[in-house]
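For reference, the structure discussed in these notes is given below.
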2 protein chains.
Amino acid sequence: MSYMQVIGKKAKEASGLISVLGQEVKNKALEEVAQALIEDTKGILDGNKRDLENAKASGMKASLLDRMLLNEERIGAMAEGLRDIAKLKDPIGEFERVEVRPNGLRIGKKKVALGVVGMIYESRPNVTSDAFGLCFKTGNVAILRGSKDIIYSNQAIVAAIKKGLERASVSTDAVLLVEDLSYDTIDEMMSLREYIDVLIPRGGAGLIKRVTENSSVPVIETGTGNCHLYIDEYADEEKAVAIVVNAKTQRLGVCNACESLVVHKTLLETILPKVCQKLEEKGVEIRGDESVKKAWENTVSATEKDWGEEYLDSVISIKTVDSIEDAIYHINRYNTGHSEGIITEHYNNADLFQERIDAAAVYVNASTRFTDGFEFGYGAEIGISTQKLHVRGPMGLDALTTTKYVIFGNGQIRD
Amino acid sequence: MSYMQVIGKKAKEASGLISVLGQEVKNKALEEVAQALIEDTKGILDGNKRDLENAKASGMKASLLDRMLLNEERIGAMAEGLRDIAKLKDPIGEFERVEVRPNGLRIGKKKVALGVVGMIYESRPNVTSDAFGLCFKTGNVAILRGSKDIIYSNQAIVAAIKKGLERASVSTDAVLLVEDLSYDTIDEMMSLREYIDVLIPRGGAGLIKRVTENSSVPVIETGTGNCHLYIDEYADEEKAVAIVVNAKTQRLGVCNACESLVVHKTLLETILPKVCQKLEEKGVEIRGDESVKKAWENTVSATEKDWGEEYLDSVISIKTVDSIEDAIYHINRYNTGHSEGIITEHYNNADLFQERIDAAAVYVNASTRFTDGFEFGYGAEIGISTQKLHVRGPMGLDALTTTKYVIFGNGQIRD
């Protein structure tokens, strides 16, 4: 058995125990783990320091170093995150419905844990406690495979988690860290169908593409967002300016930020310049087609590549269209299935846009920045799914569950 | 562009039209297609005759020939099947819920079509009209890739479907048959993520394994069933005999038939011989462990292989256990995640079994043969999913849908 197979088998065995834990036991354990994280702050910071030193020595960029950095406050936030998860309603064991059939069979559809969830992520150590917490709350065993860059941070965090689990008399195999990074454990995880029920990659586009295209274990894709806003012919100027500026600039490096603006041709000399003015004041570079260039001087010529680009930066592309149909066509061609919005006061156009746009979240007169598990009221977020199977859009705890039919009979046989 | 890419692209383009068709248009079209199938009976039978001749010439078994065979009655049943689908409630456009957030955003979760569904199946021509009907009703475009053995039947059936669609003024690209079988179109379908939203393989274990293990397009696995019944220490004798005999013999070659019996050791001289007697009368071969052999003379020694075998035949394996815990352990080790049942009058044992068994459907005191879309009240069946993501158990129309969040705002921006 390979190193990963041993981990997989251990996870599958633990899953039988973890999936049937009661709510009180799970919530108590989350509290113990939160406490252990605080207690182990020094050890975690030591591990993190080691990771940071290695990363600096290898010349990592400052923004990435910051993403890796832990301090007392951030560890406190990780613990608080687990306490918040403990407070959420536990979906496990709930019945979605019970139907009674003419022959008297009662058929219940019950929410149950997925089993073993494999998380593959990059260099954010907070994902380690967060992913554990969400998986554990939903009765799943988590196999965590973070980036090599944060291995010492992760070892210290997982040690604290296991300490907390032990205090709560819960199997410490509820979380398993992939520590042997000497060979390609990601490749192996992608083929462990026997032991892993679902893989969730969290990170850059390259990682996600690699996993979705190559995994034979089912994947929940947490995708990139090339999000559009369309300013319709019948848009309200004030709303248009406020929403575009918010969606583009409120936070740059996130998947629900607006990356591309589509504007009706009748607005080139009215609303568009006002939007561009505000964007420019916020330091946003504008890349547009010929019509946009005529309407706004400081426009860089957009290339074909710009329409499909998720900048995650102070740049926006702007496309002019002749009609709402053209807008829908353009957006469906270039969007990544994340969040798209229309700004309009026109009833039918709003309806048409929401009907025709193929994406996880389709907005009328609101910022795309709302696509988020907390903003949607789920109280947690595992990520934002851009796939169509299983779960689409912001993922709360339910995304980590499946269902099982439980059928209550009294001797029924089939004719 | 390859042959399959052209089909994929055409399907994706048609999907924009098909996904937004209204209920009346879809139901009218299903009726037209049903009628066209009846009208084209002669042409379909001609195609089928040609397939049968080729199959006979290549030495195909009689049971497989029967599976391929069409006649007037079977074509009538295909048409009737489409009319039944027309009568079902259309899930598309329904809201699962609408939530109002504190900032006034109304967030609706709406059922929408998946988009393009690829069906890969073997030599059952009725799957062709059936799969089209289910996909079309749910606003999906169907790419149908049936076995080479039934290509002429399928060409005639799809021609009739397109005739019906045309009469209803619906794009004939709602169904696309893969006709070029000169190279491996299955391999190519498995990688067409750009155009195909989900693949559903229907057929033998080999086909399903190939697709689930190699596809980068998301798959809905319709799996095999190594279904168990456990006769608990506290079983009622009459129920036990009736349920086991029904689950094993009512229909042999189906995935929800019982393939393995697990029996509590205290029943070896009481209930077990009665069950074996009845099974033997029905011509079922019994393969058991040493205890079963002692209890019932005509028992063949079971090997390790028998515990994991889906016979689809007049054979059953029987395993003796010391406790319900052992029964659960054994079943979770060998089951294929389909349907498992316990026969007991003991409240806690029933509960424990339903809680611990990891399968799509877990029965108390009823035959496993009920795992079926029609028996579950869905009015249709696309197959029975043995996977955990997206849908588990019998799949009705909902399995062919996804959701889209539609968000109604009036200028909301994020702080």
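To be explicit about the labels: the chains of the structure tokens are called A, B, and onward in the order shown, and within each one the residues are counted from 1, while ligands get numbers from 1 in the order they are shown.
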
Can you check which parts of chain B lie within 7 Å of chain A? Per residue, the shortest pair of atoms and distance in Å to one decimal, counting only C-alpha atoms, sorted by chain and number, as JSON lines.
```
{"residue": "B:Leu114", "atom": "CA", "partner": "A:Lys388", "partner_atom": "CA", "distance": 6.6}
{"residue": "B:Thr212", "atom": "CA", "partner": "A:Ser216", "partner_atom": "CA", "distance": 6.7}
{"residue": "B:Glu213", "atom": "CA", "partner": "A:Ser216", "partner_atom": "CA", "distance": 4.9}
{"residue": "B:Asn214", "atom": "CA", "partner": "A:Ser216", "partner_atom": "CA", "distance": 6.3}
{"residue": "B:Ser216", "atom": "CA", "partner": "A:Glu213", "partner_atom": "CA", "distance": 4.9}
{"residue": "B:Lys239", "atom": "CA", "partner": "A:Gly411", "partner_atom": "CA", "distance": 5.3}
{"residue": "B:Ile243", "atom": "CA", "partner": "A:Ile413", "partner_atom": "CA", "distance": 5.9}
{"residue": "B:Asn246", "atom": "CA", "partner": "A:Ile413", "partner_atom": "CA", "distance": 6.1}
{"residue": "B:Gln354", "atom": "CA", "partner": "A:Val406", "partner_atom": "CA", "distance": 6.4}
{"residue": "B:Ala359", "atom": "CA", "partner": "A:Lys404", "partner_atom": "CA", "distance": 6.8}
{"residue": "B:Ala360", "atom": "CA", "partner": "A:Lys404", "partner_atom": "CA", "distance": 5.1}
{"residue": "B:Ala361", "atom": "CA", "partner": "A:Tyr405", "partner_atom": "CA", "distance": 4.5}
{"residue": "B:Val362", "atom": "CA", "partner": "A:Val406", "partner_atom": "CA", "distance": 4.9}
{"residue": "B:Tyr363", "atom": "CA", "partner": "A:Ile407", "partner_atom": "CA", "distance": 4.7}
{"residue": "B:Val364", "atom": "CA", "partner": "A:Phe408", "partner_atom": "CA", "distance": 5.2}
{"residue": "B:Asn365", "atom": "CA", "partner": "A:Gly409", "partner_atom": "CA", "distance": 4.9}
{"residue": "B:Ala366", "atom": "CA", "partner": "A:Gln412", "partner_atom": "CA", "distance": 4.8}
{"residue": "B:Ser367", "atom": "CA", "partner": "A:Ile413", "partner_atom": "CA", "distance": 5.1}
{"residue": "B:Arg369", "atom": "CA", "partner": "A:Arg414", "partner_atom": "CA", "distance": 6.5}
{"residue": "B:Phe370", "atom": "CA", "partner": "A:Arg414", "partner_atom": "CA", "distance": 6.7}
{"residue": "B:Lys388", "atom": "CA", "partner": "A:Thr402", "partner_atom": "CA", "distance": 5.8}
{"residue": "B:Leu389", "atom": "CA", "partner": "A:His390", "partner_atom": "CA", "distance": 5.4}
{"residue": "B:His390", "atom": "CA", "partner": "A:His390", "partner_atom": "CA", "distance": 3.4}
{"residue": "B:Arg392", "atom": "CA", "partner": "A:Thr403", "partner_atom": "CA", "distance": 6.6}
{"residue": "B:Thr402", "atom": "CA", "partner": "A:Lys388", "partner_atom": "CA", "distance": 5.8}
{"residue": "B:Thr403", "atom": "CA", "partner": "A:Arg392", "partner_atom": "CA", "distance": 6.6}
{"residue": "B:Lys404", "atom": "CA", "partner": "A:Ala360", "partner_atom": "CA", "distance": 5.1}
{"residue": "B:Tyr405", "atom": "CA", "partner": "A:Ala361", "partner_atom": "CA", "distance": 4.5}
{"residue": "B:Val406", "atom": "CA", "partner": "A:Val362", "partner_atom": "CA", "distance": 4.9}
{"residue": "B:Ile407", "atom": "CA", "partner": "A:Tyr363", "partner_atom": "CA", "distance": 4.7}
{"residue": "B:Phe408", "atom": "CA", "partner": "A:Val364", "partner_atom": "CA", "distance": 5.2}
{"residue": "B:Gly409", "atom": "CA", "partner": "A:Asn365", "partner_atom": "CA", "distance": 4.9}
{"residue": "B:Asn410", "atom": "CA", "partner": "A:Asn365", "partner_atom": "CA", "distance": 5.2}
{"residue": "B:Gly411", "atom": "CA", "partner": "A:Asn365", "partner_atom": "CA", "distance": 5.0}
{"residue": "B:Gln412", "atom": "CA", "partner": "A:Ala366", "partner_atom": "CA", "distance": 4.7}
{"residue": "B:Ile413", "atom": "CA", "partner": "A:Ser367", "partner_atom": "CA", "distance": 5.1}
{"residue": "B:Arg414", "atom": "CA", "partner": "A:Arg369", "partner_atom": "CA", "distance": 6.4}
```

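The shell of residues at most 9 Å from B:Gly308, with only C-alpha atoms counted and near chain neighbours (fewer than 4 positions) removed, consists of Asn226, Ser260, Glu304, Arg333, Tyr334, Asn335 and Thr336 of chain B.
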
Requested in this report: Quick one: everything within 10 Å of B:Leu207, counting only C-alpha atoms, minus sequence neighbours fewer than 4 positions away in the same chain. Send it as a PyMOL selection string.
Outcome: chain B and resi 120-122+186+201-203+211-212

Based on the selection just made, write C-alpha atoms of those residues as a short mmCIF file (atom, residue, chain, number, x, y, z; two decimals), in the first residue's frame.
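Below you can see selection_24.cif, which holds the result:
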```
data_model
loop_
_atom_site.label_atom_id
_atom_site.label_comp_id
_atom_site.auth_asym_id
_atom_site.auth_seq_id
_atom_site.Cartn_x
_atom_site.Cartn_y
_atom_site.Cartn_z
CA ILE B 120 -23.90 6.38 -23.64
CA TYR B 121 -25.75 3.10 -23.78
CA GLU B 122 -25.82 -0.37 -25.18
CA ILE B 186 -16.99 7.51 -26.42
CA PRO B 201 -23.65 5.78 -19.06
CA ARG B 202 -26.33 3.09 -19.05
CA GLY B 203 -25.36 -0.51 -19.47
CA VAL B 211 -16.83 6.11 -18.15
CA THR B 212 -16.67 6.89 -14.42
#
```

**Report entry** Residue contacts of stretch 36-50 of chain B (9 Å, only C-alpha atoms) excluding same-chain residues fewer than 5 positions away, as an MDAnalysis selection string
**Finding:** chainID B and resid 31 55 68:72 75:76 78:79 125 150:157 159:164

Residue subset to file, keeping N, CA, C and O atoms, as a CSV table (one decimal), in the first residue's frame:
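Listed below is the output, selection29.csv:
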```csv
chain,number,residue,atom,x,y,z
B,31,GLU,N,-45.9,14.9,-27.8
B,31,GLU,CA,-47.0,14.3,-28.4
B,31,GLU,C,-46.7,14.1,-29.9
B,31,GLU,O,-47.0,13.0,-30.5
B,55,ALA,N,-26.5,-8.7,-36.2
B,55,ALA,CA,-26.2,-9.3,-34.9
B,55,ALA,C,-26.2,-10.8,-34.9
B,55,ALA,O,-25.3,-11.5,-34.4
B,68,MET,N,-32.6,-6.3,-28.2
B,68,MET,CA,-32.6,-5.4,-29.4
B,68,MET,C,-33.9,-5.3,-30.2
B,68,MET,O,-34.1,-4.4,-30.9
B,69,LEU,N,-34.6,-6.4,-30.1
B,69,LEU,CA,-35.8,-6.6,-31.0
B,69,LEU,C,-36.8,-5.5,-30.8
B,69,LEU,O,-37.3,-5.2,-29.6
B,70,LEU,N,-37.3,-5.0,-31.9
B,70,LEU,CA,-38.5,-4.1,-31.8
B,70,LEU,C,-39.6,-4.8,-32.6
B,70,LEU,O,-39.4,-5.6,-33.5
B,71,ASN,N,-40.8,-4.5,-32.2
B,71,ASN,CA,-42.0,-4.9,-32.9
B,71,ASN,C,-43.0,-3.8,-32.7
B,71,ASN,O,-42.8,-2.8,-32.0
B,72,GLU,N,-44.2,-4.0,-33.4
B,72,GLU,CA,-45.2,-2.9,-33.3
B,72,GLU,C,-45.5,-2.5,-31.9
B,72,GLU,O,-45.6,-1.4,-31.5
B,75,ILE,N,-42.8,-0.5,-30.2
B,75,ILE,CA,-42.7,0.9,-30.6
B,75,ILE,C,-43.9,1.7,-30.1
B,75,ILE,O,-43.8,2.8,-29.7
B,76,GLY,N,-45.0,1.0,-30.0
B,76,GLY,CA,-46.2,1.6,-29.3
B,76,GLY,C,-45.9,2.0,-27.9
B,76,GLY,O,-46.3,3.1,-27.4
B,78,MET,N,-43.0,2.7,-26.7
B,78,MET,CA,-42.0,3.8,-26.7
B,78,MET,C,-42.8,5.1,-26.8
B,78,MET,O,-42.6,6.1,-26.1
B,79,ALA,N,-43.8,5.1,-27.7
B,79,ALA,CA,-44.7,6.3,-28.0
B,79,ALA,C,-45.5,6.6,-26.7
B,79,ALA,O,-45.5,7.8,-26.3
B,125,PRO,N,-32.9,-0.2,-28.0
B,125,PRO,CA,-33.4,0.9,-28.8
B,125,PRO,C,-34.4,1.8,-28.1
B,125,PRO,O,-34.5,2.9,-28.4
B,150,ILE,N,-27.2,-1.3,-32.7
B,150,ILE,CA,-28.5,-0.8,-33.0
B,150,ILE,C,-28.5,0.5,-33.8
B,150,ILE,O,-29.5,1.2,-33.7
B,151,ILE,N,-27.5,0.7,-34.5
B,151,ILE,CA,-27.3,2.0,-35.2
B,151,ILE,C,-28.5,2.2,-36.2
B,151,ILE,O,-29.0,3.3,-36.3
B,152,TYR,N,-28.9,1.2,-36.9
B,152,TYR,CA,-30.0,1.4,-37.9
B,152,TYR,C,-31.3,1.6,-37.3
B,152,TYR,O,-32.1,2.4,-37.7
B,153,SER,N,-31.5,0.9,-36.2
B,153,SER,CA,-32.8,1.2,-35.4
B,153,SER,C,-32.7,2.6,-34.9
B,153,SER,O,-33.7,3.4,-35.0
B,154,ASN,N,-31.6,3.0,-34.3
B,154,ASN,CA,-31.5,4.4,-33.8
B,154,ASN,C,-31.6,5.5,-34.8
B,154,ASN,O,-32.2,6.5,-34.6
B,155,GLN,N,-31.1,5.2,-36.0
B,155,GLN,CA,-31.2,6.2,-37.1
B,155,GLN,C,-32.7,6.4,-37.4
B,155,GLN,O,-33.1,7.6,-37.6
B,156,ALA,N,-33.4,5.4,-37.5
B,156,ALA,CA,-34.8,5.5,-37.8
B,156,ALA,C,-35.6,6.1,-36.7
B,156,ALA,O,-36.5,7.0,-36.9
B,157,ILE,N,-35.3,5.8,-35.5
B,157,ILE,CA,-36.0,6.3,-34.3
B,157,ILE,C,-35.7,7.9,-34.3
B,157,ILE,O,-36.7,8.7,-34.1
B,159,ALA,N,-34.8,9.8,-36.6
B,159,ALA,CA,-35.4,10.5,-37.8
B,159,ALA,C,-36.9,10.8,-37.4
B,159,ALA,O,-37.4,11.9,-37.7
B,160,ALA,N,-37.6,9.8,-36.8
B,160,ALA,CA,-39.0,10.1,-36.4
B,160,ALA,C,-39.1,11.2,-35.3
B,160,ALA,O,-39.9,12.0,-35.4
B,161,ILE,N,-38.1,11.1,-34.4
B,161,ILE,CA,-38.2,12.2,-33.3
B,161,ILE,C,-38.0,13.6,-34.0
B,161,ILE,O,-38.7,14.5,-33.6
B,162,LYS,N,-37.1,13.7,-34.9
B,162,LYS,CA,-36.8,15.0,-35.5
B,162,LYS,C,-38.0,15.4,-36.3
B,162,LYS,O,-38.4,16.6,-36.4
B,163,LYS,N,-38.7,14.5,-36.9
B,163,LYS,CA,-39.9,14.8,-37.7
B,163,LYS,C,-41.0,15.4,-36.7
B,163,LYS,O,-41.6,16.4,-37.0
B,164,GLY,N,-41.1,14.7,-35.6
B,164,GLY,CA,-42.1,15.3,-34.6
B,164,GLY,C,-41.7,16.6,-34.1
B,164,GLY,O,-42.6,17.5,-34.0
```

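When DSSP is run on the backbone, the residues of stretch 158-248 of chain B that fall into strand (DSSP E or B) are Val175, Leu176, Leu177, Val198, Leu199, Ile200, Pro201, Arg202, Val219, Thr222, Cys227, His228, Leu229, Tyr230 and Ile231 of chain B.
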
Report task. Please identify which residues in stretch 128-164 of chain B DSSP calls alpha helix (DSSP H) from the backbone, and express them as a ChimeraX atom specification. Result -> /B:128-137,151-164

Write a file of the selected residues as a PDB file, in the first residue's frame, keeping N, CA and C atoms.
```
ATOM      1  N   THR B 128     -33.329   5.030 -26.618  1.00  0.00           N
ATOM      2  CA  THR B 128     -33.178   6.180 -27.511  1.00  0.00           C
ATOM      3  C   THR B 128     -34.347   7.152 -27.367  1.00  0.00           C
ATOM      4  N   SER B 129     -35.576   6.648 -27.437  1.00  0.00           N
ATOM      5  CA  SER B 129     -36.716   7.566 -27.334  1.00  0.00           C
ATOM      6  C   SER B 129     -36.923   8.003 -25.883  1.00  0.00           C
ATOM      7  N   ASP B 130     -36.670   7.076 -24.978  1.00  0.00           N
ATOM      8  CA  ASP B 130     -36.833   7.342 -23.560  1.00  0.00           C
ATOM      9  C   ASP B 130     -35.885   8.448 -23.081  1.00  0.00           C
ATOM     10  N   ALA B 131     -34.612   8.315 -23.430  1.00  0.00           N
ATOM     11  CA  ALA B 131     -33.614   9.305 -23.014  1.00  0.00           C
ATOM     12  C   ALA B 131     -33.920  10.656 -23.649  1.00  0.00           C
ATOM     13  N   PHE B 132     -34.290  10.642 -24.923  1.00  0.00           N
ATOM     14  CA  PHE B 132     -34.677  11.899 -25.550  1.00  0.00           C
ATOM     15  C   PHE B 132     -35.819  12.540 -24.773  1.00  0.00           C
ATOM     16  N   GLY B 133     -36.861  11.761 -24.466  1.00  0.00           N
ATOM     17  CA  GLY B 133     -38.057  12.299 -23.814  1.00  0.00           C
ATOM     18  C   GLY B 133     -37.750  12.936 -22.468  1.00  0.00           C
ATOM     19  N   LEU B 134     -36.942  12.238 -21.661  1.00  0.00           N
ATOM     20  CA  LEU B 134     -36.620  12.738 -20.321  1.00  0.00           C
ATOM     21  C   LEU B 134     -35.746  13.992 -20.405  1.00  0.00           C
ATOM     22  N   CYS B 135     -34.775  13.980 -21.310  1.00  0.00           N
ATOM     23  CA  CYS B 135     -33.903  15.153 -21.469  1.00  0.00           C
ATOM     24  C   CYS B 135     -34.706  16.333 -21.994  1.00  0.00           C
ATOM     25  N   PHE B 136     -35.548  16.088 -22.981  1.00  0.00           N
ATOM     26  CA  PHE B 136     -36.295  17.170 -23.614  1.00  0.00           C
ATOM     27  C   PHE B 136     -37.282  17.805 -22.630  1.00  0.00           C
ATOM     28  N   LYS B 137     -37.966  16.970 -21.877  1.00  0.00           N
ATOM     29  CA  LYS B 137     -38.933  17.481 -20.896  1.00  0.00           C
ATOM     30  C   LYS B 137     -38.253  18.429 -19.902  1.00  0.00           C
ATOM     31  N   ILE B 151     -27.457   0.683 -34.527  1.00  0.00           N
ATOM     32  CA  ILE B 151     -27.338   1.971 -35.234  1.00  0.00           C
ATOM     33  C   ILE B 151     -28.479   2.208 -36.235  1.00  0.00           C
ATOM     34  N   TYR B 152     -28.906   1.170 -36.947  1.00  0.00           N
ATOM     35  CA  TYR B 152     -29.963   1.412 -37.946  1.00  0.00           C
ATOM     36  C   TYR B 152     -31.315   1.618 -37.277  1.00  0.00           C
ATOM     37  N   SER B 153     -31.540   0.923 -36.186  1.00  0.00           N
ATOM     38  CA  SER B 153     -32.759   1.186 -35.406  1.00  0.00           C
ATOM     39  C   SER B 153     -32.730   2.630 -34.909  1.00  0.00           C
ATOM     40  N   ASN B 154     -31.592   3.024 -34.350  1.00  0.00           N
ATOM     41  CA  ASN B 154     -31.489   4.363 -33.774  1.00  0.00           C
ATOM     42  C   ASN B 154     -31.639   5.461 -34.827  1.00  0.00           C
ATOM     43  N   GLN B 155     -31.064   5.223 -36.002  1.00  0.00           N
ATOM     44  CA  GLN B 155     -31.210   6.237 -37.054  1.00  0.00           C
ATOM     45  C   GLN B 155     -32.679   6.446 -37.394  1.00  0.00           C
ATOM     46  N   ALA B 156     -33.406   5.355 -37.487  1.00  0.00           N
ATOM     47  CA  ALA B 156     -34.825   5.472 -37.839  1.00  0.00           C
ATOM     48  C   ALA B 156     -35.622   6.128 -36.710  1.00  0.00           C
ATOM     49  N   ILE B 157     -35.293   5.758 -35.481  1.00  0.00           N
ATOM     50  CA  ILE B 157     -36.019   6.348 -34.335  1.00  0.00           C
ATOM     51  C   ILE B 157     -35.736   7.853 -34.250  1.00  0.00           C
ATOM     52  N   VAL B 158     -34.467   8.217 -34.397  1.00  0.00           N
ATOM     53  CA  VAL B 158     -34.118   9.640 -34.283  1.00  0.00           C
ATOM     54  C   VAL B 158     -34.715  10.434 -35.445  1.00  0.00           C
ATOM     55  N   ALA B 159     -34.792   9.824 -36.624  1.00  0.00           N
ATOM     56  CA  ALA B 159     -35.437  10.515 -37.754  1.00  0.00           C
ATOM     57  C   ALA B 159     -36.897  10.810 -37.410  1.00  0.00           C
ATOM     58  N   ALA B 160     -37.560   9.849 -36.782  1.00  0.00           N
ATOM     59  CA  ALA B 160     -38.962  10.061 -36.395  1.00  0.00           C
ATOM     60  C   ALA B 160     -39.062  11.157 -35.325  1.00  0.00           C
ATOM     61  N   ILE B 161     -38.134  11.136 -34.366  1.00  0.00           N
ATOM     62  CA  ILE B 161     -38.152  12.169 -33.314  1.00  0.00           C
ATOM     63  C   ILE B 161     -38.003  13.552 -33.952  1.00  0.00           C
ATOM     64  N   LYS B 162     -37.071  13.658 -34.875  1.00  0.00           N
ATOM     65  CA  LYS B 162     -36.832  14.967 -35.512  1.00  0.00           C
ATOM     66  C   LYS B 162     -38.047  15.410 -36.326  1.00  0.00           C
ATOM     67  N   LYS B 163     -38.715  14.459 -36.938  1.00  0.00           N
ATOM     68  CA  LYS B 163     -39.930  14.788 -37.692  1.00  0.00           C
ATOM     69  C   LYS B 163     -40.971  15.393 -36.741  1.00  0.00           C
ATOM     70  N   GLY B 164     -41.138  14.748 -35.601  1.00  0.00           N
ATOM     71  CA  GLY B 164     -42.094  15.251 -34.614  1.00  0.00           C
ATOM     72  C   GLY B 164     -41.710  16.631 -34.102  1.00  0.00           C
TER      73      GLY B 164
END
```

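Distances to B:Lys111 were evaluated for B:Gly139, B:Asp84, B:Val275, B:Glu259 using only C-alpha atoms, and the minimum falls at B:Gly139.
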
Leaving out A:Leu199 and any residue of its chain fewer than 2 positions from it, which residues lie within 6 Å of it when counting only C-alpha atoms, given as an mmCIF file with N, CA, C and O atoms, in the first residue's frame?
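Saved file part20.cif follows:
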```cif
data_model
loop_
_atom_site.group_PDB
_atom_site.id
_atom_site.type_symbol
_atom_site.label_atom_id
_atom_site.label_comp_id
_atom_site.auth_asym_id
_atom_site.auth_seq_id
_atom_site.Cartn_x
_atom_site.Cartn_y
_atom_site.Cartn_z
ATOM 1 N N VAL A 117 -13.883 13.533 2.443
ATOM 2 C CA VAL A 117 -13.714 14.691 1.561
ATOM 3 C C VAL A 117 -12.223 15.016 1.466
ATOM 4 O O VAL A 117 -11.552 15.194 2.487
ATOM 5 N N GLY A 118 -11.713 15.064 0.266
ATOM 6 C CA GLY A 118 -10.315 15.451 0.063
ATOM 7 C C GLY A 118 -10.230 16.917 -0.340
ATOM 8 O O GLY A 118 -10.872 17.328 -1.297
ATOM 9 N N MET A 119 -9.499 17.706 0.444
ATOM 10 C CA MET A 119 -9.340 19.127 0.106
ATOM 11 C C MET A 119 -7.918 19.328 -0.412
ATOM 12 O O MET A 119 -6.952 18.957 0.254
ATOM 13 N N VAL A 219 -15.506 15.595 -8.370
ATOM 14 C CA VAL A 219 -14.931 16.869 -7.956
ATOM 15 C C VAL A 219 -16.032 17.912 -7.778
ATOM 16 O O VAL A 219 -16.997 17.923 -8.529
#
```

Query raised in the report: How far is it from atom CA of B:Ser63 to atom CA of B:Gly206, in Å with one decimal?
Result: 18.4 Å

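Among the candidates B:Lys282, B:Arg67, B:Lys265, B:Lys89, the one nearest to B:Leu252 when counting only C-alpha atoms is B:Lys282.
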
What's the 8 Å shell around A:Glu32, counting only C-alpha atoms, without same-chain residues fewer than 5 positions away, as a PDB file with N, CA, C and O atoms, in the first residue's frame?
```
ATOM      1  N   GLY A 164      -7.603  18.579  20.356  1.00  0.00           N
ATOM      2  CA  GLY A 164      -8.983  18.932  20.713  1.00  0.00           C
ATOM      3  C   GLY A 164      -9.935  17.759  20.529  1.00  0.00           C
ATOM      4  O   GLY A 164     -10.800  17.494  21.376  1.00  0.00           O
ATOM      5  N   LEU A 165      -9.757  17.009  19.440  1.00  0.00           N
ATOM      6  CA  LEU A 165     -10.627  15.859  19.176  1.00  0.00           C
ATOM      7  C   LEU A 165     -10.461  14.820  20.271  1.00  0.00           C
ATOM      8  O   LEU A 165     -11.431  14.238  20.758  1.00  0.00           O
ATOM      9  N   ARG A 167      -9.546  15.253  23.340  1.00  0.00           N
ATOM     10  CA  ARG A 167     -10.197  15.713  24.572  1.00  0.00           C
ATOM     11  C   ARG A 167     -11.699  15.481  24.527  1.00  0.00           C
ATOM     12  O   ARG A 167     -12.350  15.298  25.547  1.00  0.00           O
ATOM     13  N   ALA A 168     -12.248  15.517  23.316  1.00  0.00           N
ATOM     14  CA  ALA A 168     -13.693  15.306  23.182  1.00  0.00           C
ATOM     15  C   ALA A 168     -14.009  13.834  22.943  1.00  0.00           C
ATOM     16  O   ALA A 168     -15.147  13.482  22.622  1.00  0.00           O
TER      17      ALA A 168
END
```

Requested in this report: May I ask for the distance between atom CA of A:Leu177 and atom CA of A:Leu52, given in Å to one decimal place?
Outcome: 19.5 Å

Query raised in the report: Distance atom CA of B:Ala295-atom CA of B:Pro273, one decimal place?
Result: 6.9 Å

Query - Spatial neighbours of stretch 10-15 of chain B, max dist 9 Å, only C-alpha atoms, sep filter under 4 positions, as number ranges by chain - result: B: 5-6, 19-20, 113, 115-116, 139-143, 171-176, 194-196
